[in-house]
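Undergrad: I'd like to ask you about the structure that follows.
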Amino acid sequence: MEFYQKRGNELKKLEGDAISRTGARGQLAGNEAAAVLSGSQTIATISADSMVITTSGATTLTFTPAGNDVWCIKGICLKASAATTLTVNGAVWANGAEAPAWGDSGKTLVLAALFAGGQVILSVCHNDQ
């Protein structure tokens, strides 16, 4: 059986063993380069697992929750290249917390977005505000 991975608009044939879709998948190794983005973004389960987003001005992160049986985590690093006002839609802050104070030029905010049980839960991993 041959396996392919979609990269942009192209399909690339995978070499070697594929990961089993059922049962134990064994130990996985590796990492991915973060997607480099800017401005407002919509983030869903199909988005990159890690992303660096350069922000300025009014910036909105819109999260699209998945079904109740889909779980994943996204790492999001926000870097303010200029003063930023951040709006978040479609997610809640972990433990009932409020949105963090952040947005001064040159500051970084790192979030973990947990897609779980039909919702998106945001946790602050780092904030140098």
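Naming works like this for the structure tokens: A, B, ... for the chains as they're shown, residue 1 at the start of each chain, ligands 1 onward in shown order.
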Under the rule of at most 6 Å, produce a per-residue listing of segment 78-109 of chain A near segment 59-68 of chain A: chain, number, name, the closest pair of atoms, and the distance in Å, as a Markdown table, using only C-alpha atoms.

TA:
```
| residue | atom | partner | partner_atom | distance |
| --- | --- | --- | --- | --- |
| A:Leu86 | CA | A:Thr59 | CA | 5.0 |
| A:Thr87 | CA | A:Thr60 | CA | 4.6 |
| A:Val88 | CA | A:Leu61 | CA | 4.9 |
| A:Asn89 | CA | A:Thr62 | CA | 4.7 |
| A:Gly90 | CA | A:Phe63 | CA | 4.8 |
```

Undergrad: Write the residues you've just listed into a file as a PDB file, in the first residue's frame, and include N, CA and C atoms for each of them.

TA:
```
ATOM      1  N   LEU A  86      -5.767  42.556  21.123  1.00  0.00           N
ATOM      2  CA  LEU A  86      -6.107  41.185  20.752  1.00  0.00           C
ATOM      3  C   LEU A  86      -7.549  40.865  21.132  1.00  0.00           C
ATOM      4  N   THR A  87      -8.284  40.313  20.167  1.00  0.00           N
ATOM      5  CA  THR A  87      -9.627  39.801  20.397  1.00  0.00           C
ATOM      6  C   THR A  87      -9.610  38.314  20.108  1.00  0.00           C
ATOM      7  N   VAL A  88     -10.256  37.534  20.975  1.00  0.00           N
ATOM      8  CA  VAL A  88     -10.327  36.084  20.800  1.00  0.00           C
ATOM      9  C   VAL A  88     -11.791  35.687  20.681  1.00  0.00           C
ATOM     10  N   ASN A  89     -12.102  34.937  19.633  1.00  0.00           N
ATOM     11  CA  ASN A  89     -13.454  34.422  19.417  1.00  0.00           C
ATOM     12  C   ASN A  89     -13.412  32.903  19.360  1.00  0.00           C
ATOM     13  N   GLY A  90     -14.446  32.246  19.864  1.00  0.00           N
ATOM     14  CA  GLY A  90     -14.584  30.806  19.736  1.00  0.00           C
ATOM     15  C   GLY A  90     -13.776  29.990  20.726  1.00  0.00           C
TER      16      GLY A  90
END
```

Undergrad: Among chain A, which residues does DSSP mark as strand (DSSP E) when it is run on the backbone? Keep the chain and numbering as in the structure and answer as a PyMOL selection string.

TA: chain A and resi 4-7+10-13+35-38+41-43+50-63+72-89+92-93+108-116+119-127

Undergrad: Based on the selection just made, write C-alpha atoms of those residues as a PDB file, in the first residue's frame.

TA:
```pdb
ATOM      1  CA  TYR A   4       0.726  10.177   0.373  1.00  0.00           C
ATOM      2  CA  GLN A   5       0.878  13.442   2.295  1.00  0.00           C
ATOM      3  CA  LYS A   6      -0.633  16.686   1.032  1.00  0.00           C
ATOM      4  CA  ARG A   7       1.786  19.613   1.036  1.00  0.00           C
ATOM      5  CA  GLU A  10       0.907  18.736  -4.141  1.00  0.00           C
ATOM      6  CA  LEU A  11       0.809  15.125  -2.967  1.00  0.00           C
ATOM      7  CA  LYS A  12       4.110  13.642  -1.830  1.00  0.00           C
ATOM      8  CA  LYS A  13       4.607   9.890  -1.629  1.00  0.00           C
ATOM      9  CA  ALA A  35       4.013  28.213  10.524  1.00  0.00           C
ATOM     10  CA  VAL A  36       4.963  31.896  10.219  1.00  0.00           C
ATOM     11  CA  LEU A  37       1.858  34.079   9.937  1.00  0.00           C
ATOM     12  CA  SER A  38       0.768  37.666  10.509  1.00  0.00           C
ATOM     13  CA  GLN A  41      -6.095  34.255  11.926  1.00  0.00           C
ATOM     14  CA  THR A  42      -8.695  31.488  12.047  1.00  0.00           C
ATOM     15  CA  ILE A  43      -7.325  28.477  13.891  1.00  0.00           C
ATOM     16  CA  SER A  50       2.721  25.349  16.033  1.00  0.00           C
ATOM     17  CA  MET A  51       2.599  28.885  14.724  1.00  0.00           C
ATOM     18  CA  VAL A  52       4.286  32.238  15.202  1.00  0.00           C
ATOM     19  CA  ILE A  53       1.959  35.140  14.471  1.00  0.00           C
ATOM     20  CA  THR A  54       3.271  38.698  14.132  1.00  0.00           C
ATOM     21  CA  THR A  55       0.624  41.153  15.289  1.00  0.00           C
ATOM     22  CA  SER A  56      -0.077  44.882  15.201  1.00  0.00           C
ATOM     23  CA  GLY A  57      -3.177  47.009  15.645  1.00  0.00           C
ATOM     24  CA  ALA A  58      -6.515  45.226  15.991  1.00  0.00           C
ATOM     25  CA  THR A  59      -5.840  41.473  15.725  1.00  0.00           C
ATOM     26  CA  THR A  60      -8.455  38.739  16.061  1.00  0.00           C
ATOM     27  CA  LEU A  61      -7.862  35.043  16.661  1.00  0.00           C
ATOM     28  CA  THR A  62     -10.955  33.051  15.728  1.00  0.00           C
ATOM     29  CA  PHE A  63     -11.007  29.440  16.896  1.00  0.00           C
ATOM     30  CA  CYS A  72      -5.511  18.231  19.698  1.00  0.00           C
ATOM     31  CA  ILE A  73      -3.219  20.981  20.963  1.00  0.00           C
ATOM     32  CA  LYS A  74      -1.881  23.998  19.059  1.00  0.00           C
ATOM     33  CA  GLY A  75       1.056  26.119  20.202  1.00  0.00           C
ATOM     34  CA  ILE A  76       0.612  29.802  19.329  1.00  0.00           C
ATOM     35  CA  CYS A  77       3.339  32.416  19.754  1.00  0.00           C
ATOM     36  CA  LEU A  78       2.098  35.988  19.308  1.00  0.00           C
ATOM     37  CA  LYS A  79       4.760  38.639  18.701  1.00  0.00           C
ATOM     38  CA  ALA A  80       3.641  42.254  18.751  1.00  0.00           C
ATOM     39  CA  SER A  81       5.581  44.207  16.120  1.00  0.00           C
ATOM     40  CA  ALA A  82       3.540  47.261  17.158  1.00  0.00           C
ATOM     41  CA  ALA A  83       0.933  47.906  19.840  1.00  0.00           C
ATOM     42  CA  THR A  84      -1.750  45.229  19.506  1.00  0.00           C
ATOM     43  CA  THR A  85      -5.322  44.898  20.709  1.00  0.00           C
ATOM     44  CA  LEU A  86      -6.107  41.185  20.752  1.00  0.00           C
ATOM     45  CA  THR A  87      -9.627  39.801  20.397  1.00  0.00           C
ATOM     46  CA  VAL A  88     -10.327  36.084  20.800  1.00  0.00           C
ATOM     47  CA  ASN A  89     -13.454  34.422  19.417  1.00  0.00           C
ATOM     48  CA  VAL A  92     -12.516  30.163  26.575  1.00  0.00           C
ATOM     49  CA  TRP A  93      -9.649  30.843  28.968  1.00  0.00           C
ATOM     50  CA  THR A 108       5.451  38.045  23.269  1.00  0.00           C
ATOM     51  CA  LEU A 109       2.477  35.942  24.358  1.00  0.00           C
ATOM     52  CA  VAL A 110       2.607  32.154  24.038  1.00  0.00           C
ATOM     53  CA  LEU A 111      -0.658  30.225  24.216  1.00  0.00           C
ATOM     54  CA  ALA A 112      -1.596  26.554  24.239  1.00  0.00           C
ATOM     55  CA  ALA A 113      -4.968  25.949  22.579  1.00  0.00           C
ATOM     56  CA  LEU A 114      -6.562  22.649  23.605  1.00  0.00           C
ATOM     57  CA  PHE A 115      -9.291  21.494  21.226  1.00  0.00           C
ATOM     58  CA  ALA A 116     -11.312  19.120  23.407  1.00  0.00           C
ATOM     59  CA  GLN A 119     -14.600  23.519  22.668  1.00  0.00           C
ATOM     60  CA  VAL A 120     -11.267  25.336  22.615  1.00  0.00           C
ATOM     61  CA  ILE A 121      -9.534  26.098  25.922  1.00  0.00           C
ATOM     62  CA  LEU A 122      -6.658  28.603  25.992  1.00  0.00           C
ATOM     63  CA  SER A 123      -3.830  28.545  28.518  1.00  0.00           C
ATOM     64  CA  VAL A 124      -1.053  31.125  28.843  1.00  0.00           C
ATOM     65  CA  CYS A 125       2.387  29.502  28.688  1.00  0.00           C
ATOM     66  CA  HIS A 126       4.438  32.718  28.613  1.00  0.00           C
ATOM     67  CA  ASN A 127       3.679  36.438  28.744  1.00  0.00           C
TER      68      ASN A 127
END
```

Undergrad: Please, what distance in Å, to one decimal, runs between atom CA of Trp71 of chain A and atom CA of Asp49 of chain A?

TA: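 According to the coordinates, atom CA of Trp71 of chain A and atom CA of Asp49 of chain A are separated by 12.1 Å.
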